[in-house]
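K.L.:
Pasting coords04.tsv below, which is TSV, C-alpha atoms.
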chain	number	residue	atom	x	y	z
A	11	MET	CA	12.65	-14.36	-56.20
A	12	ASP	CA	13.97	-11.53	-58.36
A	13	ASN	CA	10.69	-9.63	-58.54
A	14	LEU	CA	9.78	-9.08	-54.91
A	15	GLN	CA	7.86	-6.09	-53.63
A	16	LEU	CA	9.98	-4.66	-50.84
A	17	ILE	CA	8.94	-1.98	-48.37
A	18	ALA	CA	11.27	0.51	-46.72
A	19	THR	CA	9.29	1.89	-43.79
A	20	ALA	CA	9.81	5.56	-43.02
A	21	PRO	CA	9.23	7.82	-40.03
A	22	MET	CA	6.42	10.29	-40.72
A	23	GLY	CA	7.76	13.15	-42.82
A	24	LEU	CA	10.82	11.29	-44.08
A	25	GLU	CA	9.21	9.30	-46.90
A	26	ALA	CA	10.79	11.53	-49.57
A	27	VAL	CA	14.22	11.18	-47.94
A	28	VAL	CA	13.96	7.38	-47.92
A	29	ALA	CA	12.79	7.47	-51.55
A	30	ARG	CA	15.82	9.58	-52.49
A	31	GLU	CA	18.13	7.13	-50.73
A	32	LEU	CA	16.61	4.24	-52.67
A	33	LEU	CA	16.95	6.19	-55.92
A	34	GLU	CA	20.64	6.77	-55.23
A	35	LEU	CA	21.01	3.03	-54.63
A	36	GLY	CA	19.56	2.42	-58.10
A	37	TYR	CA	15.94	1.55	-57.25
A	38	THR	CA	13.95	3.64	-59.71
A	39	ASP	CA	10.76	1.55	-59.69
A	40	GLN	CA	9.22	2.79	-56.46
A	41	LYS	CA	5.99	4.09	-54.96
A	42	VAL	CA	5.88	6.52	-52.05
A	43	GLU	CA	3.06	6.11	-49.54
A	44	ASN	CA	2.42	7.35	-46.01
A	45	GLY	CA	5.06	5.81	-43.77
A	46	ARG	CA	6.71	3.67	-46.44
A	47	VAL	CA	8.30	3.41	-49.86
A	48	ILE	CA	7.52	0.31	-51.93
A	49	PHE	CA	10.21	-0.74	-54.40
A	50	LYS	CA	11.02	-3.78	-56.52
A	51	GLY	CA	14.02	-6.01	-55.96
A	52	GLY	CA	15.34	-9.49	-55.40
A	53	LEU	CA	17.02	-11.36	-52.57
A	54	LYS	CA	20.29	-9.46	-53.03
A	55	ASP	CA	18.39	-6.21	-52.66
A	56	ILE	CA	17.15	-7.26	-49.22
A	57	CYS	CA	20.81	-7.38	-48.21
A	58	ARG	CA	21.75	-4.07	-49.88
A	59	ALA	CA	18.77	-2.12	-48.54
A	60	ASN	CA	19.33	-3.28	-44.96
A	61	LEU	CA	23.02	-2.40	-45.11
A	62	TRP	CA	22.67	1.00	-46.80
A	63	LEU	CA	19.43	2.72	-45.77
A	64	ARG	CA	20.18	5.50	-43.27
A	65	THR	CA	16.72	6.96	-42.64
A	66	SER	CA	14.38	3.96	-42.97
A	67	ASP	CA	13.17	2.03	-39.92
A	68	ARG	CA	13.17	-1.45	-41.47
A	69	VAL	CA	12.90	-3.42	-44.72
A	70	LEU	CA	9.86	-5.65	-45.24
A	71	ILE	CA	8.76	-8.08	-47.92
A	72	LYS	CA	5.21	-7.50	-49.13
A	73	MET	CA	3.88	-11.08	-49.21
A	74	ALA	CA	0.28	-10.33	-50.23
A	75	GLU	CA	-2.46	-7.71	-50.25
A	76	PHE	CA	-6.17	-8.51	-50.42
A	77	PRO	CA	-9.63	-7.38	-49.18
A	78	ALA	CA	-10.44	-8.72	-45.71
A	79	LEU	CA	-13.89	-7.86	-44.44
A	80	THR	CA	-14.21	-11.14	-42.54
A	81	PHE	CA	-11.92	-13.47	-40.60
A	82	GLU	CA	-12.48	-16.09	-43.29
A	83	GLU	CA	-11.16	-13.76	-45.98
A	84	LEU	CA	-8.17	-12.93	-43.80
A	85	PHE	CA	-7.52	-16.64	-43.18
A	86	GLU	CA	-7.81	-17.72	-46.81
A	87	GLY	CA	-5.75	-14.80	-48.13
A	88	THR	CA	-2.95	-15.57	-45.69
A	89	LYS	CA	-3.06	-19.31	-46.27
A	90	ALA	CA	-2.67	-18.77	-50.04
A	91	ILE	CA	0.88	-17.49	-49.47
A	92	ASN	CA	3.67	-20.07	-49.96
A	93	TRP	CA	5.01	-19.80	-46.42
A	94	PRO	CA	7.11	-23.02	-46.54
A	95	ASP	CA	9.19	-21.42	-49.32
A	96	TRP	CA	10.36	-18.93	-46.71
A	97	ILE	CA	9.98	-20.41	-43.23
A	98	PRO	CA	11.79	-23.61	-42.12
A	99	GLU	CA	9.87	-26.18	-40.09
A	100	ASP	CA	11.45	-25.32	-36.73
A	101	ALA	CA	11.85	-21.54	-37.17
A	102	GLU	CA	10.09	-18.97	-34.98
A	103	PHE	CA	7.31	-17.03	-36.73
A	104	PRO	CA	5.53	-14.57	-34.41
A	105	VAL	CA	2.72	-12.43	-35.80
A	106	GLU	CA	2.33	-8.72	-35.13
A	107	GLY	CA	-0.52	-6.54	-36.31
A	108	ARG	CA	-2.31	-3.25	-36.55
A	109	SER	CA	-5.74	-2.19	-37.77
A	110	HIS	CA	-7.15	1.20	-38.81
A	111	LYS	CA	-10.56	2.04	-40.25
A	112	SER	CA	-11.37	-1.63	-40.81
A	113	GLN	CA	-14.18	-3.96	-39.77
A	114	LEU	CA	-11.62	-6.40	-38.40
A	115	SER	CA	-10.61	-4.03	-35.63
A	116	SER	CA	-9.42	-6.52	-32.98
A	117	VAL	CA	-5.65	-6.75	-33.53
A	118	PRO	CA	-5.15	-9.81	-31.25
A	119	ALA	CA	-7.90	-11.68	-33.09
A	120	CYS	CA	-6.37	-10.82	-36.48
A	121	GLN	CA	-2.95	-11.94	-35.28
A	122	GLY	CA	-4.43	-15.25	-34.16
A	123	ILE	CA	-6.16	-15.82	-37.50
A	124	VAL	CA	-2.97	-15.08	-39.45
A	125	LYS	CA	-0.92	-17.37	-37.21
A	126	LYS	CA	-3.44	-20.18	-37.68
A	127	ALA	CA	-3.45	-19.70	-41.47
A	128	VAL	CA	0.36	-19.84	-41.64
A	129	VAL	CA	0.40	-23.01	-39.52
A	130	GLU	CA	-2.25	-24.68	-41.70
A	131	LYS	CA	-0.27	-23.86	-44.84
A	132	MET	CA	2.96	-25.19	-43.36
A	133	LYS	CA	1.23	-28.41	-42.27
A	134	THR	CA	0.55	-29.24	-45.92
A	135	VAL	CA	4.29	-29.32	-46.67
A	136	TYR	CA	5.96	-30.37	-43.42
A	137	GLY	CA	3.40	-33.00	-42.44
A	138	THR	CA	3.38	-32.17	-38.74
A	139	GLU	CA	0.72	-30.94	-36.33
A	140	TRP	CA	3.06	-28.94	-34.09
A	141	PHE	CA	5.81	-26.44	-34.85
A	142	HIS	CA	8.34	-26.07	-32.03
A	143	GLU	CA	9.80	-22.76	-33.25
A	144	ASP	CA	13.10	-23.40	-31.48
A	145	ASN	CA	15.95	-23.22	-34.03
A	146	GLY	CA	16.75	-19.55	-33.42
A	147	GLN	CA	15.78	-18.27	-36.85
A	148	ARG	CA	13.16	-15.55	-36.64
A	149	PHE	CA	10.53	-14.62	-39.24
A	150	VAL	CA	8.32	-11.79	-37.98
A	151	ILE	CA	5.02	-11.69	-39.89
A	152	GLU	CA	2.89	-8.57	-39.72
A	153	VAL	CA	-0.71	-8.03	-40.75
A	154	TRP	CA	-1.65	-4.44	-41.61
A	155	LEU	CA	-5.35	-3.68	-41.98
A	156	LEU	CA	-6.33	-0.34	-43.51
A	157	ASN	CA	-9.77	0.44	-44.95
A	158	ASP	CA	-10.59	-3.31	-44.99
A	159	ILE	CA	-7.51	-4.14	-47.09
A	160	ALA	CA	-5.04	-6.56	-45.49
A	161	MET	CA	-1.34	-6.38	-46.26
A	162	ILE	CA	0.81	-9.27	-45.06
A	163	THR	CA	4.54	-8.57	-44.68
A	164	LEU	CA	7.69	-10.35	-43.55
A	165	ASP	CA	10.30	-8.36	-41.62
A	166	THR	CA	13.83	-8.85	-42.95
A	167	THR	CA	15.51	-6.45	-40.52
A	168	GLY	CA	14.84	-7.43	-36.91
A	169	PRO	CA	15.79	-4.68	-34.46
A	170	GLY	CA	15.18	-1.31	-36.18
A	171	LEU	CA	17.72	0.07	-38.63
A	172	HIS	CA	18.50	2.91	-36.22
A	173	LYS	CA	20.44	0.38	-34.14
A	174	ARG	CA	23.79	0.85	-35.87
A	175	GLY	CA	25.85	-0.86	-33.20
A	176	TYR	CA	28.00	2.06	-32.04
A	177	ARG	CA	25.79	3.47	-29.30
A	178	LYS	CA	25.54	1.40	-26.09
A	179	LEU	CA	24.68	4.21	-23.69
A	180	VAL	CA	22.39	7.16	-24.34
A	181	THR	CA	21.58	10.52	-22.81
A	182	GLU	CA	18.08	11.53	-21.79
A	183	ALA	CA	15.68	11.95	-24.74
A	184	PRO	CA	18.22	10.65	-27.26
A	185	LEU	CA	17.92	11.47	-30.95
A	186	LYS	CA	17.45	8.38	-33.12
A	187	GLU	CA	20.29	7.61	-35.49
A	188	THR	CA	17.88	7.53	-38.45
A	189	MET	CA	16.62	11.04	-37.64
A	190	ALA	CA	20.15	12.36	-37.16
A	191	ALA	CA	21.09	10.99	-40.57
A	192	ALA	CA	18.00	12.61	-42.09
A	193	MET	CA	18.95	15.97	-40.58
A	194	VAL	CA	22.36	15.75	-42.24
A	195	LEU	CA	20.95	14.59	-45.58
A	196	LEU	CA	18.39	17.43	-45.56
A	197	SER	CA	21.06	20.03	-44.85
A	198	ARG	CA	23.50	21.60	-47.27
A	199	TRP	CA	26.46	19.95	-45.59
A	200	ARG	CA	29.13	18.24	-47.64
A	201	PRO	CA	32.29	16.54	-46.32
A	202	GLU	CA	34.48	19.45	-47.42
A	203	ARG	CA	32.55	21.86	-45.17
A	204	PRO	CA	32.94	22.19	-41.38
A	205	LEU	CA	30.11	20.77	-39.26
A	206	TYR	CA	29.37	21.75	-35.69
A	207	ASP	CA	26.80	20.43	-33.19
A	208	PRO	CA	26.71	22.61	-30.05
A	209	PHE	CA	24.20	20.33	-28.27
A	210	CYS	CA	25.77	17.03	-29.30
A	211	GLY	CA	24.46	14.91	-26.40
A	212	SER	CA	25.53	11.34	-27.10
A	213	GLY	CA	27.22	12.37	-30.36
A	214	THR	CA	24.69	10.97	-32.81
A	215	ILE	CA	24.66	13.84	-35.34
A	216	PRO	CA	28.47	14.09	-35.64
A	217	ILE	CA	28.77	10.30	-35.99
A	218	GLU	CA	26.03	10.04	-38.62
A	219	ALA	CA	27.61	12.95	-40.54
A	220	ALA	CA	31.00	11.23	-40.44
A	221	MET	CA	29.46	8.01	-41.74
A	222	ILE	CA	27.86	9.94	-44.60
A	223	GLY	CA	31.10	11.81	-45.27
A	224	TRP	CA	33.05	8.57	-45.54
A	225	ASN	CA	30.22	6.74	-47.37
A	226	ILE	CA	30.03	4.06	-44.68
A	227	ALA	CA	26.97	1.83	-44.94
A	228	PRO	CA	25.17	2.23	-41.59
A	229	GLY	CA	24.39	-1.48	-41.28
A	230	LEU	CA	27.98	-2.71	-41.53
A	231	ARG	CA	28.39	-3.18	-37.77
A	232	ARG	CA	25.25	-5.24	-37.12
A	233	THR	CA	23.34	-8.33	-38.16
A	234	PHE	CA	19.80	-8.76	-39.47
A	235	ASN	CA	17.09	-11.38	-38.98
A	236	SER	CA	17.22	-12.40	-42.63
A	237	GLU	CA	20.96	-13.22	-42.49
A	238	GLY	CA	20.00	-16.62	-41.09
A	239	TRP	CA	17.26	-17.36	-43.62
A	240	PRO	CA	17.96	-20.41	-45.83
A	241	ILE	CA	16.23	-18.76	-48.79
A	242	ILE	CA	18.90	-16.02	-48.96
A	243	PRO	CA	22.26	-17.54	-49.97
A	244	GLU	CA	25.10	-16.58	-47.65
A	245	GLU	CA	27.14	-15.34	-50.61
A	246	LEU	CA	24.56	-12.59	-51.27
A	247	TRP	CA	25.24	-11.14	-47.84
A	248	GLU	CA	28.99	-11.53	-48.40
A	249	GLN	CA	28.78	-9.72	-51.74
A	250	ALA	CA	26.67	-6.89	-50.28
A	251	ARG	CA	29.09	-6.40	-47.39
A	252	GLU	CA	32.09	-6.53	-49.73
A	253	GLU	CA	30.47	-3.86	-51.89
A	254	ALA	CA	29.90	-1.73	-48.80
A	255	PHE	CA	33.47	-2.13	-47.55
A	256	ASP	CA	34.85	-1.25	-50.99
A	257	SER	CA	32.73	1.92	-51.05
A	258	VAL	CA	34.23	3.40	-47.87
A	259	LYS	CA	36.14	6.66	-48.45
A	260	ASP	CA	38.04	6.94	-45.18
A	261	ASP	CA	40.74	9.13	-46.75
A	262	THR	CA	38.27	12.04	-46.92
A	263	PRO	CA	39.29	14.71	-44.38
A	264	LEU	CA	36.52	15.67	-41.96
A	265	GLN	CA	35.99	18.85	-39.95
A	266	ILE	CA	33.36	17.71	-37.46
A	267	ILE	CA	33.05	19.01	-33.90
A	268	GLY	CA	30.48	18.28	-31.21
A	269	SER	CA	30.17	20.11	-27.93
A	270	ASP	CA	27.93	20.00	-24.89
A	271	ILE	CA	27.89	21.58	-21.46
A	272	ASP	CA	27.12	18.23	-19.80
A	273	PRO	CA	30.32	16.25	-19.01
A	274	GLN	CA	28.39	13.00	-18.61
A	275	ALA	CA	26.88	13.43	-22.09
A	276	LEU	CA	30.35	13.97	-23.51
A	277	GLU	CA	31.61	10.78	-21.87
A	278	ILE	CA	28.81	8.88	-23.59
A	279	ALA	CA	29.54	10.67	-26.86
A	280	ALA	CA	33.26	9.87	-26.64
A	281	ALA	CA	32.50	6.17	-26.14
A	282	ALA	CA	30.17	6.15	-29.16
A	283	VAL	CA	32.63	8.08	-31.33
A	284	LYS	CA	35.37	5.60	-30.47
A	285	LYS	CA	33.09	2.61	-31.08
A	286	ALA	CA	32.12	4.05	-34.47
A	287	GLY	CA	35.79	4.41	-35.43
A	288	PHE	CA	36.01	8.22	-35.50
A	289	ALA	CA	38.10	8.92	-32.39
A	290	ARG	CA	40.67	10.81	-34.47
A	291	ASP	CA	38.22	12.49	-36.81
A	292	ILE	CA	35.45	13.90	-34.60
A	293	LYS	CA	36.46	16.43	-31.96
A	294	LEU	CA	34.42	16.75	-28.77
A	295	GLN	CA	34.48	19.74	-26.45
A	296	GLN	CA	32.84	20.69	-23.16
A	297	VAL	CA	31.68	24.23	-23.76
A	298	ALA	CA	28.52	26.27	-23.24
A	299	VAL	CA	26.64	27.30	-26.37
A	300	SER	CA	27.29	30.96	-25.51
A	301	ARG	CA	31.02	30.33	-26.08
A	302	VAL	CA	30.62	28.49	-29.36
A	303	LYS	CA	33.23	29.66	-31.86
A	304	PRO	CA	33.59	27.07	-34.61
A	305	GLU	CA	36.54	27.48	-36.92
A	306	GLY	CA	36.36	27.82	-40.68
A	307	ASP	CA	33.97	29.36	-43.16
A	308	TYR	CA	30.85	28.13	-44.95
A	309	GLY	CA	30.17	25.54	-42.27
A	310	CYS	CA	26.93	24.00	-41.05
A	311	ILE	CA	25.56	23.93	-37.53
A	312	ILE	CA	23.31	20.88	-37.35
A	313	THR	CA	21.76	20.33	-33.95
A	314	ASN	CA	18.88	19.10	-31.82
A	315	PRO	CA	18.63	21.69	-29.02
A	316	PRO	CA	17.43	20.20	-25.72
A	317	TYR	CA	13.95	21.36	-24.89
A	318	GLY	CA	13.12	20.87	-21.23
A	319	ALA	CA	14.06	17.18	-20.97
A	320	ARG	CA	17.81	17.51	-20.46
A	321	LEU	CA	18.04	21.12	-19.27
A	322	GLY	CA	15.37	20.72	-16.62
A	323	ASP	CA	12.79	23.31	-17.68
A	324	GLU	CA	11.60	25.30	-20.67
A	325	ASP	CA	13.11	28.59	-19.44
A	326	ASP	CA	16.60	27.11	-19.51
A	327	ALA	CA	15.90	25.64	-22.94
A	328	GLU	CA	14.74	29.00	-24.33
A	329	LYS	CA	17.85	30.65	-22.90
A	330	ALA	CA	20.09	28.09	-24.59
A	331	ILE	CA	18.34	28.71	-27.92
A	332	ARG	CA	18.78	32.48	-27.52
A	333	GLN	CA	22.48	31.91	-26.87
A	334	LEU	CA	22.64	29.78	-30.01
A	335	GLY	CA	21.07	32.65	-31.96
A	336	LEU	CA	23.60	35.13	-30.58
A	337	SER	CA	26.49	32.83	-31.46
A	338	TYR	CA	25.10	32.38	-34.96
A	339	LEU	CA	25.15	36.16	-35.50
A	340	TYR	CA	28.94	36.00	-35.51
A	341	LEU	CA	29.05	33.27	-38.16
A	342	PRO	CA	27.93	35.11	-41.32
A	343	THR	CA	29.02	32.39	-43.77
A	344	TRP	CA	27.53	29.51	-41.81
A	345	SER	CA	24.17	27.74	-42.21
A	346	LEU	CA	22.04	26.58	-39.27
A	347	PHE	CA	19.82	23.49	-39.19
A	348	ALA	CA	17.93	22.70	-35.99
A	349	LEU	CA	15.31	20.12	-35.03
A	350	THR	CA	13.21	21.19	-32.07
A	351	GLN	CA	9.76	20.88	-30.56
A	352	SER	CA	9.87	24.54	-29.51
A	353	ARG	CA	7.12	26.46	-31.26
A	354	THR	CA	8.85	29.80	-30.66
A	355	PHE	CA	12.25	28.82	-32.06
A	356	GLU	CA	12.32	31.48	-34.79
A	357	ASP	CA	11.30	34.23	-32.36
A	358	THR	CA	13.88	33.08	-29.83
A	359	ILE	CA	16.66	32.83	-32.40
A	360	GLY	CA	15.69	36.23	-33.82
A	361	ARG	CA	15.20	35.28	-37.46
A	362	LYS	CA	12.69	33.62	-39.75
A	363	ALA	CA	13.83	30.29	-41.15
A	364	ASP	CA	14.42	30.05	-44.90
A	365	LYS	CA	12.71	26.68	-44.83
A	366	LYS	CA	10.78	24.70	-42.22
A	367	ARG	CA	9.79	21.04	-42.32
A	368	LYS	CA	7.51	19.11	-39.94
A	369	LEU	CA	9.16	15.94	-38.64
A	370	PHE	CA	8.46	13.49	-35.83
A	371	ASN	CA	11.23	12.58	-33.41
A	372	GLY	CA	9.67	9.37	-32.14
A	373	ARG	CA	6.11	10.45	-31.42
A	374	ILE	CA	7.07	14.05	-30.67
A	375	GLU	CA	6.05	16.55	-33.35
A	376	CYS	CA	9.00	18.78	-34.17
A	377	ALA	CA	10.05	21.28	-36.81
A	378	TYR	CA	13.29	21.20	-38.73
A	379	TYR	CA	14.34	24.84	-39.14
A	380	GLN	CA	16.77	25.64	-41.95
A	381	PHE	CA	18.66	28.92	-42.05
A	382	PHE	CA	20.77	29.12	-45.20
A	383	GLY	CA	24.12	30.86	-45.28
A	384	PRO	CA	26.05	31.45	-48.51
A	385	LEU	CA	27.37	28.43	-50.35
A	386	PRO	CA	31.16	28.04	-50.60
A	387	PRO	CA	32.78	29.62	-53.65
A	388	ARG	CA	33.38	27.05	-56.39
A	389	ASN	CA	37.17	27.31	-56.04
A	390	LYS	CA	37.07	26.38	-52.33
Transcribe the structure of this file into structure tokens.

P.N.:
Amino acid sequence: MDNLQLIATAPMGLEAVVARELLELGYTDQKVENGRVIFKGGLKDICRANLWLRTSDRVLIKMAEFPALTFEELFEGTKAINWPDWIPEDAEFPVEGRSHKSQLSSVPACQGIVKKAVVEKMKTVYGTEWFHEDNGQRFVIEVWLLNDIAMITLDTTGPGLHKRGYRKLVTEAPLKETMAAAMVLLSRWRPERPLYDPFCGSGTIPIEAAMIGWNIAPGLRRTFNSEGWPIIPEELWEQAREEAFDSVKDDTPLQIIGSDIDPQALEIAAAAVKKAGFARDIKLQQVAVSRVKPEGDYGCIITNPPYGARLGDEDDAEKAIRQLGLSYLYLPTWSLFALTQSRTFEDTIGRKADKKRKLFNGRIECAYYQFFGPLPPRNK
């Protein structure tokens, strides 16, 4: 089990960011594809990847890949997998699926075939005709069909990796934790520089930045489906968590501020900040963007300006962005990084971005605008 093919799924546009994260974790043998990064590892790497990946959606095991033009080919290819090595007799094993540009286009039918094949394989080992699936352990199998090639995977994560455990309440149109982390990682921010989010909403960007600044593994506060799997020794999870705890740098000073004009949003943000353990290290303020005056030099504004959803209409959203642009004029050493679905953001802010990247916040196509200020002098 030391030569598994693992898959870190990635939101569209973030594949390179996920690949860079894996590289920094030591996984050099990898292949980047649309929506995923395939890398090699063992059982301990399932634990490490789930605990450490900030921008991936989930970690899967690639169980098999084979041509499937017919239901028989799909059945036989799935049955050839040694499912009893992974799945206990009384565990739950639902099947999910998707199909694109393939002759086997009926997803429910493909799910049924895969389920039947898994059951038939397990019968040969467990010697039973019925699997009760009632012990609480969960093994989510997924069949992916693309261009008549079937890929069978096993989900090690469970609820998506964006569910860090610190956010119980959310504002309208909340930014996913994984996307907030990506925004920070794609910026020029470092822990020694000030960071300001003038539209902080539920506080996700400041919290994710603080976790990066202190090198806190984002999965430390949650559990994963594969933690209950007999095939993964409990000590591997213990070792991975111990490594993560030992890596925390909570003596690093942070200069992180979030503000919002909405008092209810700030209440939600304050609860999340406290839950995440940053009550003393992230400052929250109720202030309009027109009054934004962050302290310090060579800082980074990293933000997701509301566009219609929270402010009520597009005119108010455009006004808020204009005010952000005016505030930014008085911050000559600062950099600005903003994720928005507004197609007129550069015109409204009054400046062409130095770099622009297409990203998807959920299913909403957005652009990540990057306006670079000067880097801090080396002696600072």

K.L.:
To one decimal place, how far is atom CA of Gly137 of chain A from atom CA of Val153 of chain A in Å?

P.N.:
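Atom CA of Gly137 of chain A sits 25.4 Å away from atom CA of Val153 of chain A.
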
K.L.:
Go through A:Gln147, A:Ser212, A:Gln121, A:Asn44 and flag the residue nearest Asp100 of chain A, using only C-alpha atoms for the distances.

P.N.:
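Distance minimum relative to Asp100 of chain A lands on A:Gln147.
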
K.L.:
Extract, using all atoms listed in the file, all DNA, RNA and protein residues at most 9 Å from Ile151 of chain A, discarding same-chain residues fewer than 3 positions from it, and format them as a list in words.

P.N.:
Phe103, Pro104, Val105, Glu106, Gly107, Val124, Lys125, Ile162, Thr163, Leu164 and Asp165 of chain A

K.L.:
Give one line per residue of segment 190-247 of chain A that approaches segment 268-284 of chain A to at most 10 Å, naming the two atoms of the closest pair and their distance in Å to one decimal, counting only C-alpha atoms; sort by chain then ascending residue number and deliver it as JSON lines.

P.N.:
{"residue": "A:Leu205", "atom": "CA", "partner": "A:Gly268", "partner_atom": "CA", "distance": 8.4}
{"residue": "A:Tyr206", "atom": "CA", "partner": "A:Gly268", "partner_atom": "CA", "distance": 5.8}
{"residue": "A:Asp207", "atom": "CA", "partner": "A:Gly268", "partner_atom": "CA", "distance": 4.7}
{"residue": "A:Pro208", "atom": "CA", "partner": "A:Ser269", "partner_atom": "CA", "distance": 4.8}
{"residue": "A:Phe209", "atom": "CA", "partner": "A:Asp270", "partner_atom": "CA", "distance": 5.0}
{"residue": "A:Cys210", "atom": "CA", "partner": "A:Gly268", "partner_atom": "CA", "distance": 5.2}
{"residue": "A:Gly211", "atom": "CA", "partner": "A:Ala275", "partner_atom": "CA", "distance": 5.2}
{"residue": "A:Ser212", "atom": "CA", "partner": "A:Ala279", "partner_atom": "CA", "distance": 4.1}
{"residue": "A:Gly213", "atom": "CA", "partner": "A:Ala279", "partner_atom": "CA", "distance": 4.5}
{"residue": "A:Thr214", "atom": "CA", "partner": "A:Ala279", "partner_atom": "CA", "distance": 7.7}
{"residue": "A:Ile215", "atom": "CA", "partner": "A:Gly268", "partner_atom": "CA", "distance": 8.4}
{"residue": "A:Pro216", "atom": "CA", "partner": "A:Gly268", "partner_atom": "CA", "distance": 6.4}
{"residue": "A:Ile217", "atom": "CA", "partner": "A:Val283", "partner_atom": "CA", "distance": 6.4}
{"residue": "A:Ala220", "atom": "CA", "partner": "A:Val283", "partner_atom": "CA", "distance": 9.8}

K.L.:
Please provide as a ChimeraX atom specification all residues within 10 Å of Lys131 of chain A, with the sequence filter that same-chain residues fewer than 3 positions apart are discarded (counting all atoms listed in the file).

P.N.:
/A:86,88-94,126-128,134-136

K.L.:
Could you check which of A:Ser352, A:Gln15, A:Lys111, A:Val299 is closest to Glu324 of chain A, using all atoms listed in the file?

P.N.:
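Closest candidate: A:Ser352.
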
K.L.:
Could you tell me how far atom CA of Lys365 of chain A sits from atom CA of Lys173 of chain A, in Å to one decimal place?

P.N.:
29.4 Å

K.L.:
For a test of reading the model, state the distance in Å between atom CA of Leu32 of chain A and atom CA of Ala286 of chain A, rounded to one decimal.

P.N.:
23.9 Å

K.L.:
Considering all atoms listed in the file, state which residue in the set A:Gly287, A:Gly170, A:Pro184, A:Pro201 is at the smallest distance from Cys310 of chain A.

P.N.:
A:Pro201

K.L.:
Calculated over all atoms listed in the file, which of the candidates A:Leu70, A:Ile226, A:Lys133, A:Ile159 has the smallest distance to Gly87 of chain A?

P.N.:
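So, comparing all the options, the nearest one is A:Ile159.
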
K.L.:
List the spatial neighbours of Gly51 of chain A as a list of chain:residue names - criterion: any atom at most 8 Å away, all atoms listed in the file, same-chain residues fewer than 2 positions off excluded.

P.N.:
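Surrounding residues, per the criterion: A:Asp12, A:Asn13, A:Leu14, A:Gln15, A:Leu16, A:Tyr37, A:Phe49, A:Leu53, A:Lys54, A:Asp55, A:Ile56.
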
K.L.:
So that I can check the surroundings of Gly45 of chain A, please list as a PyMOL selection string every protein, DNA and RNA residue that reaches within 8 Å of it, counting all atoms listed in the file and ignoring chain neighbours fewer than 6 positions away.

P.N.:
chain A and resi 19-25

K.L.:
Restricting the calculation to all atoms listed in the file, which member of A:Ala254, A:Leu334, A:Val28, A:Val47 is positioned closest to Ala348 of chain A?

P.N.:
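For Ala348 of chain A, the nearest of the candidates is A:Leu334.
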
K.L.:
Counting all atoms listed in the file, which residue out of A:Asn145, A:Thr188, A:Ser345, A:Ser115 sits closest to Trp62 of chain A?

P.N.:
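Of A:Asn145, A:Thr188, A:Ser345, A:Ser115, the one nearest Trp62 of chain A is A:Thr188, counting all atoms listed in the file.
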
K.L.:
Please list as a PyMOL selection string every residue within 7 Å of Gln333 of chain A, counting all atoms listed in the file and excluding residues in the same chain fewer than 3 positions away.

P.N.:
chain A and resi 299-300+329-330+336-337

K.L.:
Any chance you can output those residues with C-alpha atoms as a tab-separated table (two decimals), in the coordinates of the input?

P.N.:
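Output below, filename again.tsv:
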chain	number	residue	atom	x	y	z
A	299	VAL	CA	26.64	27.30	-26.37
A	300	SER	CA	27.29	30.96	-25.51
A	329	LYS	CA	17.85	30.65	-22.90
A	330	ALA	CA	20.09	28.09	-24.59
A	336	LEU	CA	23.60	35.13	-30.58
A	337	SER	CA	26.49	32.83	-31.46
